[in-house]
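Asker: File name input.pdb; file contents PDB, C-alpha atoms; full text below.
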```
ATOM      1  CA  MET E 228      36.199  45.848-239.841
ATOM      2  CA  ALA E 229      37.942  42.492-239.923
ATOM      3  CA  TRP E 230      36.230  41.554-236.666
ATOM      4  CA  THR E 231      32.707  42.109-237.999
ATOM      5  CA  TRP E 232      32.243  38.384-238.669
ATOM      6  CA  PHE E 233      33.342  37.615-235.098
ATOM      7  CA  HIS E 234      30.749  39.936-233.593
ATOM      8  CA  ARG E 235      28.064  38.670-235.957
ATOM      9  CA  LEU E 236      28.892  35.117-234.934
ATOM     10  CA  ALA E 237      28.527  36.096-231.282
ATOM     11  CA  SER E 238      25.293  38.042-231.791
ATOM     12  CA  PRO E 239      22.567  36.844-229.360
ATOM     13  CA  PRO E 240      20.050  35.699-232.030
ATOM     14  CA  HIS E 241      22.748  33.740-233.854
ATOM     15  CA  VAL E 242      23.952  32.155-230.617
ATOM     16  CA  TYR E 243      20.392  31.331-229.531
ATOM     17  CA  ARG E 244      19.568  29.637-232.809
ATOM     18  CA  THR E 245      22.917  27.840-233.202
ATOM     19  CA  ALA E 246      22.822  26.582-229.602
ATOM     20  CA  GLY E 247      19.361  25.117-230.202
ATOM     21  CA  ARG E 248      20.516  23.331-233.314
ATOM     22  CA  LEU E 249      23.723  22.005-231.747
ATOM     23  CA  THR E 250      22.248  20.677-228.481
ATOM     24  CA  PRO E 251      21.134  17.238-229.813
ATOM     25  CA  TRP E 252      24.499  16.836-231.568
ATOM     26  CA  PHE E 253      26.142  17.008-228.165
ATOM     27  CA  ALA E 254      23.474  15.265-226.095
ATOM     28  CA  TRP E 255      23.034  12.008-228.030
ATOM     29  CA  PRO E 256      26.746  11.221-228.550
ATOM     30  CA  ALA E 257      27.262  12.082-224.864
ATOM     31  CA  ALA E 258      24.577   9.570-223.807
ATOM     32  CA  ILE E 259      26.013   6.839-226.045
ATOM     33  CA  LEU E 260      29.596   7.453-224.911
ATOM     34  CA  ILE E 261      28.698   7.560-221.213
ATOM     35  CA  ILE E 262      26.746   4.285-221.475
ATOM     36  CA  ALA E 263      29.681   2.711-223.367
ATOM     37  CA  GLY E 264      32.135   4.079-220.780
ATOM     38  CA  LEU E 265      30.047   2.704-217.905
ATOM     39  CA  ILE E 266      29.914  -0.748-219.508
ATOM     40  CA  GLY E 267      33.664  -0.638-220.174
ATOM     41  CA  GLY E 268      34.555   0.704-216.736
ATOM     42  CA  LEU E 269      32.215  -1.431-214.628
ATOM     43  CA  TRP E 270      32.157  -4.703-216.569
ATOM     44  CA  LEU E 271      34.957  -5.017-219.086
ATOM     45  CA  ALA E 272      37.963  -3.434-217.371
ATOM     46  CA  PRO E 273      39.829  -5.846-215.077
ATOM     47  CA  PRO E 274      40.239  -5.161-211.331
ATOM     48  CA  ASP E 275      43.371  -3.265-210.351
ATOM     49  CA  TYR E 276      46.092  -5.430-208.802
ATOM     50  CA  GLN E 277      46.467  -3.040-205.846
ATOM     51  CA  GLN E 278      43.107  -1.268-205.459
ATOM     52  CA  GLY E 279      40.821  -4.091-206.575
ATOM     53  CA  ASP E 280      37.422  -2.879-207.789
ATOM     54  CA  ALA E 281      37.579   0.352-205.761
ATOM     55  CA  TYR E 282      39.566   1.951-208.584
ATOM     56  CA  ARG E 283      36.376   1.887-210.725
ATOM     57  CA  ILE E 284      35.360   5.094-208.926
ATOM     58  CA  MET E 285      37.986   6.670-211.198
ATOM     59  CA  TYR E 286      35.600   6.353-214.184
ATOM     60  CA  VAL E 287      33.309   8.991-212.689
ATOM     61  CA  HIS E 288      35.795  10.824-210.461
ATOM     62  CA  ALA E 289      38.445  11.700-213.072
ATOM     63  CA  PRO E 290      36.023  12.994-215.763
ATOM     64  CA  SER E 291      34.209  15.063-213.098
ATOM     65  CA  ALA E 292      37.551  16.508-211.992
ATOM     66  CA  TRP E 293      38.446  17.266-215.629
ATOM     67  CA  LEU E 294      35.161  19.148-216.049
ATOM     68  CA  SER E 295      35.676  21.077-212.806
ATOM     69  CA  LEU E 296      38.989  22.428-214.132
ATOM     70  CA  MET E 297      38.002  22.823-217.792
ATOM     71  CA  VAL E 298      34.764  24.687-217.001
ATOM     72  CA  TYR E 299      36.504  27.191-214.727
ATOM     73  CA  THR E 300      39.180  27.798-217.371
ATOM     74  CA  LEU E 301      36.423  28.340-219.943
ATOM     75  CA  MET E 302      34.708  30.805-217.603
ATOM     76  CA  ALA E 303      37.973  32.718-217.160
ATOM     77  CA  VAL E 304      38.581  32.870-220.924
ATOM     78  CA  ALA E 305      34.974  33.918-221.576
ATOM     79  CA  GLY E 306      35.178  36.475-218.761
ATOM     80  CA  GLY E 307      38.403  37.874-220.236
ATOM     81  CA  ILE E 308      36.818  38.131-223.693
ATOM     82  CA  GLY E 309      33.785  39.824-222.146
ATOM     83  CA  LEU E 310      35.971  42.340-220.324
ATOM     84  CA  ILE E 311      38.252  43.121-223.271
ATOM     85  CA  TRP E 312      35.810  43.079-226.194
ATOM     86  CA  ARG E 313      32.655  43.830-224.164
ATOM     87  CA  MET E 314      30.954  40.839-225.682
ATOM     88  CA  LYS E 315      27.659  40.131-223.889
ATOM     89  CA  VAL E 316      27.489  36.541-225.087
ATOM     90  CA  ALA E 317      30.887  35.788-223.508
ATOM     91  CA  HIS E 318      29.546  36.901-220.119
ATOM     92  CA  ALA E 319      26.374  34.879-220.724
ATOM     93  CA  LEU E 320      28.495  31.816-221.509
ATOM     94  CA  ALA E 321      30.504  32.175-218.296
ATOM     95  CA  ALA E 322      27.340  32.679-216.240
ATOM     96  CA  ALA E 323      25.712  29.622-217.851
ATOM     97  CA  ALA E 324      28.788  27.446-217.262
ATOM     98  CA  ALA E 325      29.275  28.247-213.549
ATOM     99  CA  PRO E 326      26.511  26.075-212.000
ATOM    100  CA  ILE E 327      27.550  23.109-214.163
ATOM    101  CA  GLY E 328      31.180  23.490-213.083
ATOM    102  CA  ALA E 329      30.161  23.851-209.430
ATOM    103  CA  SER E 330      28.043  20.693-209.550
ATOM    104  CA  PHE E 331      30.863  18.633-211.083
ATOM    105  CA  THR E 332      33.356  20.035-208.560
ATOM    106  CA  PHE E 333      30.954  18.843-205.860
ATOM    107  CA  ALA E 334      30.819  15.412-207.561
ATOM    108  CA  THR E 335      34.643  15.369-207.703
ATOM    109  CA  LEU E 336      34.940  16.069-203.986
ATOM    110  CA  VAL E 337      32.318  13.485-202.988
ATOM    111  CA  THR E 338      33.574  10.699-205.279
ATOM    112  CA  GLY E 339      37.155  11.477-204.227
ATOM    113  CA  SER E 340      36.161  11.135-200.558
ATOM    114  CA  LEU E 341      34.403   7.836-201.318
ATOM    115  CA  TRP E 342      37.567   6.602-203.022
ATOM    116  CA  GLY E 343      39.758   7.902-200.196
ATOM    117  CA  LYS E 344      38.028   5.975-197.418
ATOM    118  CA  PRO E 345      38.958   2.425-198.571
ATOM    119  CA  MET E 346      42.338   3.516-200.018
ATOM    120  CA  TRP E 347      43.670   5.990-197.439
ATOM    121  CA  GLY E 348      41.448   5.062-194.498
ATOM    122  CA  THR E 349      39.854   8.523-194.368
ATOM    123  CA  TYR E 350      37.175  10.462-196.244
ATOM    124  CA  TRP E 351      39.096  13.724-196.025
ATOM    125  CA  GLN E 352      42.657  14.889-195.628
ATOM    126  CA  TRP E 353      43.955  18.474-195.845
ATOM    127  CA  ASP E 354      46.126  17.403-198.744
ATOM    128  CA  PRO E 355      47.236  19.967-201.427
ATOM    129  CA  ARG E 356      45.091  18.383-204.195
ATOM    130  CA  LEU E 357      41.973  18.023-202.055
ATOM    131  CA  THR E 358      42.310  21.454-200.477
ATOM    132  CA  SER E 359      42.874  23.251-203.798
ATOM    133  CA  GLU E 360      39.875  21.418-205.315
ATOM    134  CA  LEU E 361      37.750  22.511-202.340
ATOM    135  CA  LEU E 362      38.988  26.061-202.932
ATOM    136  CA  LEU E 363      37.814  25.731-206.558
ATOM    137  CA  PHE E 364      34.354  24.755-205.297
ATOM    138  CA  PHE E 365      34.293  27.909-203.145
ATOM    139  CA  LEU E 366      35.430  29.966-206.154
ATOM    140  CA  TYR E 367      32.455  28.653-208.131
ATOM    141  CA  LEU E 368      30.098  29.453-205.244
ATOM    142  CA  GLY E 369      31.704  32.889-204.877
ATOM    143  CA  TYR E 370      31.301  33.563-208.595
ATOM    144  CA  MET E 371      27.601  32.651-208.529
ATOM    145  CA  GLY E 372      27.011  34.529-205.273
ATOM    146  CA  LEU E 373      28.737  37.625-206.627
ATOM    147  CA  ARG E 374      26.578  37.580-209.762
ATOM    148  CA  ALA E 375      23.431  37.229-207.670
ATOM    149  CA  ALA E 376      24.474  40.150-205.439
ATOM    150  CA  PHE E 377      24.215  42.729-208.226
ATOM    151  CA  GLU E 378      20.934  43.881-209.721
ATOM    152  CA  ASP E 379      22.750  45.657-212.538
ATOM    153  CA  LEU E 380      23.606  42.883-214.999
ATOM    154  CA  GLN E 381      26.531  44.734-216.575
ATOM    155  CA  ARG E 382      28.194  45.291-213.204
ATOM    156  CA  ALA E 383      27.558  41.667-212.276
ATOM    157  CA  ASP E 384      29.184  40.610-215.556
ATOM    158  CA  ARG E 385      32.267  42.757-215.028
ATOM    159  CA  VAL E 386      32.861  41.964-211.355
ATOM    160  CA  SER E 387      32.281  38.212-211.748
ATOM    161  CA  ALA E 388      34.542  38.141-214.823
ATOM    162  CA  VAL E 389      37.362  39.673-212.759
ATOM    163  CA  LEU E 390      36.869  36.954-210.131
ATOM    164  CA  ALA E 391      36.902  34.249-212.816
ATOM    165  CA  VAL E 392      40.107  35.620-214.363
ATOM    166  CA  VAL E 393      41.899  36.034-211.024
ATOM    167  CA  GLY E 394      40.665  32.665-209.697
ATOM    168  CA  VAL E 395      41.961  30.738-212.703
ATOM    169  CA  ILE E 396      45.401  30.750-211.054
ATOM    170  CA  ASN E 397      44.011  27.932-208.893
ATOM    171  CA  VAL E 398      43.594  25.634-211.932
ATOM    172  CA  PRO E 399      47.320  24.918-212.568
ATOM    173  CA  ILE E 400      47.825  24.735-208.803
ATOM    174  CA  ILE E 401      45.240  21.909-208.618
ATOM    175  CA  HIS E 402      46.686  20.121-211.626
ATOM    176  CA  TYR E 403      50.325  20.259-210.525
ATOM    177  CA  SER E 404      49.694  19.959-206.767
ATOM    178  CA  VAL E 405      50.528  16.240-206.882
ATOM    179  CA  VAL E 406      53.843  17.043-208.593
ATOM    180  CA  TRP E 407      54.882  20.145-206.632
ATOM    181  CA  TRP E 408      54.027  18.904-203.149
ATOM    182  CA  ASN E 409      54.145  15.650-201.275
ATOM    183  CA  SER E 410      50.545  14.572-201.773
ATOM    184  CA  LEU E 411      48.459  11.644-200.578
ATOM    185  CA  HIS E 412      46.628  11.810-203.902
ATOM    186  CA  GLN E 413      48.048   9.635-206.657
ATOM    187  CA  GLY E 414      50.128  11.264-209.370
ATOM    188  CA  PRO E 415      48.979  11.906-212.952
ATOM    189  CA  SER E 416      48.186   8.674-214.768
ATOM    190  CA  VAL E 417      46.434   9.847-217.961
ATOM    191  CA  MET E 418      47.733  13.357-218.582
ATOM    192  CA  TYR E 419      51.253  12.189-218.002
ATOM    193  CA  LEU E 420      54.016  13.490-220.248
ATOM    194  CA  GLY E 421      55.010  10.515-222.334
ATOM    195  CA  LYS E 422      52.994   7.352-221.851
ATOM    196  CA  PRO E 423      49.868   6.923-219.689
ATOM    197  CA  THR E 424      50.575   4.608-216.760
ATOM    198  CA  MET E 425      47.430   2.526-217.370
ATOM    199  CA  PRO E 426      46.890  -0.516-219.603
ATOM    200  CA  PRO E 427      44.553   0.039-222.606
ATOM    201  CA  SER E 428      41.788  -2.143-221.085
ATOM    202  CA  MET E 429      41.482   0.404-218.261
ATOM    203  CA  LEU E 430      42.445   3.508-220.232
ATOM    204  CA  VAL E 431      40.003   3.211-223.164
ATOM    205  CA  PRO E 432      36.800   3.282-221.025
ATOM    206  CA  LEU E 433      38.261   6.240-219.125
ATOM    207  CA  LEU E 434      38.961   8.174-222.327
ATOM    208  CA  ILE E 435      35.424   7.372-223.527
ATOM    209  CA  MET E 436      34.058   8.761-220.250
ATOM    210  CA  PHE E 437      36.198  11.911-220.602
ATOM    211  CA  LEU E 438      34.729  12.531-224.053
ATOM    212  CA  GLY E 439      31.196  11.646-222.933
ATOM    213  CA  PHE E 440      31.342  14.005-219.941
ATOM    214  CA  THR E 441      32.760  16.807-222.105
ATOM    215  CA  LEU E 442      29.938  16.431-224.643
ATOM    216  CA  PHE E 443      27.411  16.244-221.799
ATOM    217  CA  PHE E 444      28.760  19.538-220.491
ATOM    218  CA  GLY E 445      28.437  20.986-224.003
ATOM    219  CA  ALA E 446      24.776  19.946-224.266
ATOM    220  CA  VAL E 447      23.804  21.329-220.842
ATOM    221  CA  LEU E 448      25.813  24.506-221.442
ATOM    222  CA  LEU E 449      24.005  25.155-224.727
ATOM    223  CA  MET E 450      20.604  24.779-223.027
ATOM    224  CA  ARG E 451      21.589  27.111-220.193
ATOM    225  CA  LEU E 452      23.146  29.570-222.642
ATOM    226  CA  ARG E 453      19.878  29.823-224.585
ATOM    227  CA  ALA E 454      18.010  30.615-221.364
ATOM    228  CA  GLU E 455      20.661  33.162-220.369
ATOM    229  CA  VAL E 456      20.514  34.864-223.777
ATOM    230  CA  LEU E 457      16.713  34.947-223.712
ATOM    231  CA  ASN E 458      16.671  36.513-220.227
ATOM    232  CA  ARG E 459      19.211  39.159-221.219
ATOM    233  CA  GLU E 460      17.551  40.128-224.487
ATOM    234  CA  ARG E 461      14.241  41.101-222.908
ATOM    235  CA  ALA E 462      13.417  43.986-225.174
ATOM    236  CA  ALA E 463      15.165  42.805-228.319
ATOM    237  CA  ARG E 464      13.116  42.623-231.482
ATOM    238  CA  TRP E 465      14.418  39.187-232.426
ATOM    239  CA  VAL E 466      12.967  37.685-229.229
ATOM    240  CA  SER E 467       9.477  38.882-230.011
ATOM    241  CA  ALA E 468       9.939  37.778-233.612
ATOM    242  CA  ALA E 469      11.087  34.356-232.460
ATOM    243  CA  LEU E 470       8.200  33.943-230.035
ATOM    244  CA  GLY E 471       5.463  35.565-232.007
ATOM    245  CA  GLY E 472       6.492  34.675-235.555
ATOM    246  CA  GLU E 473       6.515  38.365-236.482
ATOM    247  CA  PRO E 474       5.748  38.761-240.173
ATOM    248  CA  GLY E 475       8.859  39.566-242.134
ATOM    249  CA  GLY E 476      11.092  39.074-239.106
ATOM    250  CA  ARG E 477      14.305  37.115-239.495
ATOM    251  CA  TRP E 478      12.989  34.589-237.007
ATOM    252  CA  ALA E 479       9.478  34.408-238.380
ATOM    253  CA  GLY E 480       8.112  30.895-238.554
ATOM    254  CA  GLU E 481      10.962  29.412-236.531
ATOM    255  CA  GLU E 482      10.040  27.556-233.438
ATOM    256  CA  ILE E 483      11.720  29.079-230.411
ATOM    257  CA  GLY E 484      12.235  25.732-228.767
ATOM    258  CA  ALA E 485      14.132  24.329-231.749
TER
ATOM    259  CA  MET V   8      25.547 -10.879-210.626
ATOM    260  CA  MET V   9      26.123 -10.768-206.852
ATOM    261  CA  ARG V  10      29.867 -10.724-207.500
ATOM    262  CA  PHE V  11      29.409  -7.743-209.772
ATOM    263  CA  LEU V  12      27.240  -5.867-207.246
ATOM    264  CA  ASP V  13      29.699  -6.681-204.470
ATOM    265  CA  MET V  14      32.543  -4.934-206.367
ATOM    266  CA  GLY V  15      35.134  -7.057-204.580
ATOM    267  CA  GLY V  16      33.791  -5.860-201.228
ATOM    268  CA  TYR V  17      34.059  -2.172-202.175
ATOM    269  CA  TYR V  18      30.329  -1.738-202.931
ATOM    270  CA  PRO V  19      29.709   0.745-200.048
ATOM    271  CA  TRP V  20      31.990   3.238-201.852
ATOM    272  CA  VAL V  21      31.745   2.354-205.537
ATOM    273  CA  TRP V  22      27.955   2.496-205.952
ATOM    274  CA  PRO V  23      27.394   5.724-203.954
ATOM    275  CA  ALA V  24      30.126   7.382-206.088
ATOM    276  CA  TYR V  25      28.269   6.405-209.266
ATOM    277  CA  ALA V  26      24.920   7.418-207.746
ATOM    278  CA  VAL V  27      26.209  10.883-206.812
ATOM    279  CA  THR V  28      27.724  11.498-210.256
ATOM    280  CA  LEU V  29      24.696  10.261-212.196
ATOM    281  CA  GLY V  30      22.478  12.252-209.807
ATOM    282  CA  VAL V  31      24.493  15.411-210.544
ATOM    283  CA  MET V  32      24.116  14.735-214.278
ATOM    284  CA  GLY V  33      20.366  14.185-213.942
ATOM    285  CA  LEU V  34      19.964  17.380-211.927
ATOM    286  CA  ASN V  35      21.976  19.316-214.501
ATOM    287  CA  ILE V  36      19.603  18.186-217.267
ATOM    288  CA  TYR V  37      16.532  18.961-215.131
ATOM    289  CA  TRP V  38      17.778  22.418-214.078
ATOM    290  CA  ALA V  39      18.782  23.372-217.621
ATOM    291  CA  LYS V  40      15.393  22.311-219.027
ATOM    292  CA  GLN V  41      13.550  24.186-216.252
ATOM    293  CA  LEU V  42      15.658  27.294-216.783
ATOM    294  CA  LEU V  43      15.027  27.332-220.522
ATOM    295  CA  ALA V  44      11.294  26.689-220.125
ATOM    296  CA  ARG V  45      11.044  29.495-217.543
ATOM    297  CA  ALA V  46      12.970  31.914-219.783
ATOM    298  CA  ARG V  47      10.652  31.109-222.699
ATOM    299  CA  ARG V  48       7.532  31.561-220.574
ATOM    300  CA  ALA V  49       8.838  34.903-219.259
ATOM    301  CA  ALA V  50       9.661  36.082-222.788
ATOM    302  CA  GLN V  51       6.183  35.020-223.960
ATOM    303  CA  ARG V  52       4.562  36.918-221.085
ATOM    304  CA  ARG V  53       6.579  40.046-221.882
ATOM    305  CA  LEU V  54       5.488  39.827-225.470
ATOM    306  CA  GLU V  55       1.824  39.506-224.506
ATOM    307  CA  MET V  56       2.105  42.494-222.167
ATOM    308  CA  GLN V  57       3.695  44.545-224.936
ATOM    309  CA  GLU V  58       0.847  43.651-227.279
ATOM    310  CA  GLU V  59      -1.768  44.608-224.690
ATOM    311  CA  SER V  60      -0.241  48.023-223.978
TER
END
```
Spit out the file's structure as structure tokens when you get a sec.
Answerer:
Amino acid sequence: MAWTWFHRLASPPHVYRTAGRLTPWFAWPAAILIIAGLIGGLWLAPPDYQQGDAYRIMYVHAPSAWLSLMVYTLMAVAGGIGLIWRMKVAHALAAAAAPIGASFTFATLVTGSLWGKPMWGTYWQWDPRLTSELLLFFLYLGYMGLRAAFEDLQRADRVSAVLAVVGVINVPIIHYSVVWWNSLHQGPSVMYLGKPTMPPSMLVPLLIMFLGFTLFFGAVLLMRLRAEVLNRERAARWVSAALGGEPGGRWAGEEIGA
Amino acid sequence: MMRFLDMGGYYPWVWPAYAVTLGVMGLNIYWAKQLLARARRAAQRRLEMQEES
């Protein structure tokens, strides 16, 4: 009984409508922050005394890497909620998040390689951080492939959720790989216990980019979630009410694209 | 301006890194918009078919 509000909050029509309303609140601040972060990172921040201007790759590499880890963790949490409470929207959220996470993991690997060439003299090294990040990319691809392999949506939800939950063990491995093993990759410089190892002139644009990328993910996720919910709720009355403006319907008169 | 574009000689790596990331962001927006538009069109079609039958 106490959980009624929780289920109502996660009901597909509520999620569809709320996601539509929230999207611009994520998208516009994301655009502003990313532009500000780019100006700060490319123009205002001084060159690094060791890496010169090559370190500026960090302003797109580190936020992409953050998203690659955060999105997979979100998918695992959503998958777990979907498995335990059988909440359809949780599965929809995980399914909507996966391609975004995969694309940013790809960006992490490519930008990391482009940073590695001038710094380490090679585009790729079978280093613990790089290898575990590549494994994360394959986990994303596996998750999406597994979902596509099942025609029955409920089975696809359950099986892919199990993969997301089991695969999340890779997330702390990626994060701590530079601490646990002797890695070519530099150690933590922002999420460092105590003080960040960067001066504020370099750190502030990076933090702005972290926030901008996170909000960007939120905006794209909300758009994909709406599509996912709409595809799942084929026969639901609220969909026809939303599209057709059914008289007396809860969604009557509301524009579906809002 | 040339100094800025040169990125201290690291331009062959800095600019492609930015291009890839901004490209990924652009594609994410495009794919999400396409997906939503397709879902809405499919839902509209289903509704029309239901009305016809």
Asker: What's around segment 25-41 of chain V at 7 Å? Count only C-alpha atoms, leave out sequence neighbours fewer than 5 positions away in its own chain, and write the answer as a ChimeraX atom specification.
Answerer: /E:287,327,330,334,447,450-451
Asker: Kindly provide, as number ranges by chain, the residues of chain V having any atom no farther than 6 Å from an atom of chain E, counting only C-alpha atoms.
Answerer: V: 14-15, 17, 20-21, 24, 28, 39, 43, 46
Asker: Identify all residues satisfying the PyMOL selection byres ((chain E and resi 402) around 10) in the given file; provide them as a PyMOL selection string.
Answerer: chain E and resi 292-293+296+356+359-360+397-401+403-407+414-415+418
Asker: Taking the file as shown, what set of residues would the PyMOL selection byres ((chain E and resi 364) around 10) give back, as a PyMOL selection string?
Answerer: chain E and resi 295+299+328-333+335-336+358-363+365-370
Asker: Keeping only C-alpha atoms, take the residues you just selected and write them out as a PDB file, in the coordinates of the input.
Answerer:
```
ATOM      1  CA  SER E 295      35.676  21.077-212.806  1.00  0.00           C
ATOM      2  CA  TYR E 299      36.504  27.191-214.727  1.00  0.00           C
ATOM      3  CA  GLY E 328      31.180  23.490-213.083  1.00  0.00           C
ATOM      4  CA  ALA E 329      30.161  23.851-209.430  1.00  0.00           C
ATOM      5  CA  SER E 330      28.043  20.693-209.550  1.00  0.00           C
ATOM      6  CA  PHE E 331      30.863  18.633-211.083  1.00  0.00           C
ATOM      7  CA  THR E 332      33.356  20.035-208.560  1.00  0.00           C
ATOM      8  CA  PHE E 333      30.954  18.843-205.860  1.00  0.00           C
ATOM      9  CA  THR E 335      34.643  15.369-207.703  1.00  0.00           C
ATOM     10  CA  LEU E 336      34.940  16.069-203.986  1.00  0.00           C
ATOM     11  CA  THR E 358      42.310  21.454-200.477  1.00  0.00           C
ATOM     12  CA  SER E 359      42.874  23.251-203.798  1.00  0.00           C
ATOM     13  CA  GLU E 360      39.875  21.418-205.315  1.00  0.00           C
ATOM     14  CA  LEU E 361      37.750  22.511-202.340  1.00  0.00           C
ATOM     15  CA  LEU E 362      38.988  26.061-202.932  1.00  0.00           C
ATOM     16  CA  LEU E 363      37.814  25.731-206.558  1.00  0.00           C
ATOM     17  CA  PHE E 365      34.293  27.909-203.145  1.00  0.00           C
ATOM     18  CA  LEU E 366      35.430  29.966-206.154  1.00  0.00           C
ATOM     19  CA  TYR E 367      32.455  28.653-208.131  1.00  0.00           C
ATOM     20  CA  LEU E 368      30.098  29.453-205.244  1.00  0.00           C
ATOM     21  CA  GLY E 369      31.704  32.889-204.877  1.00  0.00           C
ATOM     22  CA  TYR E 370      31.301  33.563-208.595  1.00  0.00           C
TER      23      TYR E 370
END
```
Asker: Interatomic distance between atom CA of Ala375 of chain E and atom CA of Ala322 of chain E?
Answerer: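 So the answer is 10.5 Å.
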Asker: For atom CA of Val242 of chain E and atom CA of Ala383 of chain E, quote the distance in Å rounded to one decimal.
Answerer: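 Separating atom CA of Val242 of chain E from atom CA of Ala383 of chain E is a distance of 21.0 Å.
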Asker: Report, in Å to a single decimal, how far apart atom CA of Thr441 of chain E and atom CA of Thr300 of chain E are.
Answerer: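 Computed distance, atom CA of Thr300 of chain E to atom CA of Thr441 of chain E, equals 13.6 Å.
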Asker: For each of E:Ile435, E:Ala321, E:Ala463, E:Ala305, take the minimum atom-to-atom distance to Ile262 of chain E, counting all atoms listed in the file, then give the residue where this is smallest.
Answerer: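 Among the listed residues, E:Ile435 lies closest to Ile262 of chain E.
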Asker: Would you translate the PyMOL selection byres ((chain E and resi 307-317) around 10) into the concrete set of residues it matches in this file, as a ChimeraX atom specification?
Answerer: /E:234,237-239,242-243,301-306,318-323,381,384-386,388-389,391-392,452,455-456,459
Asker: Could you give me, as a list in words, the residues within 12 Å of Val431 of chain E, counting all atoms listed in the file and dropping anything in the same chain fewer than 4 positions from it?
Answerer: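 In the requested form, the answer reads Leu260, Ala263, Gly264, Leu265, Ile266, Gly267, Gly268, Leu271, Ala272, Tyr286, Val417, Pro423, Met425, Pro426, Pro427, Ile435, Met436, Phe437 and Leu438 of chain E.
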Asker: Go ahead and write the residues just picked, C-alpha atoms, as a compact mmCIF listing (two decimals), in the frame of the given file.
Answerer:
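File written: part_24.txt
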```
# COMPACT_ATOMS: atom_id res chain seq x y z
CA LEU E 260 29.60 7.45 -224.91
CA ALA E 263 29.68 2.71 -223.37
CA GLY E 264 32.14 4.08 -220.78
CA LEU E 265 30.05 2.70 -217.90
CA ILE E 266 29.91 -0.75 -219.51
CA GLY E 267 33.66 -0.64 -220.17
CA GLY E 268 34.56 0.70 -216.74
CA LEU E 271 34.96 -5.02 -219.09
CA ALA E 272 37.96 -3.43 -217.37
CA TYR E 286 35.60 6.35 -214.18
CA VAL E 417 46.43 9.85 -217.96
CA PRO E 423 49.87 6.92 -219.69
CA MET E 425 47.43 2.53 -217.37
CA PRO E 426 46.89 -0.52 -219.60
CA PRO E 427 44.55 0.04 -222.61
CA ILE E 435 35.42 7.37 -223.53
CA MET E 436 34.06 8.76 -220.25
CA PHE E 437 36.20 11.91 -220.60
CA LEU E 438 34.73 12.53 -224.05
```
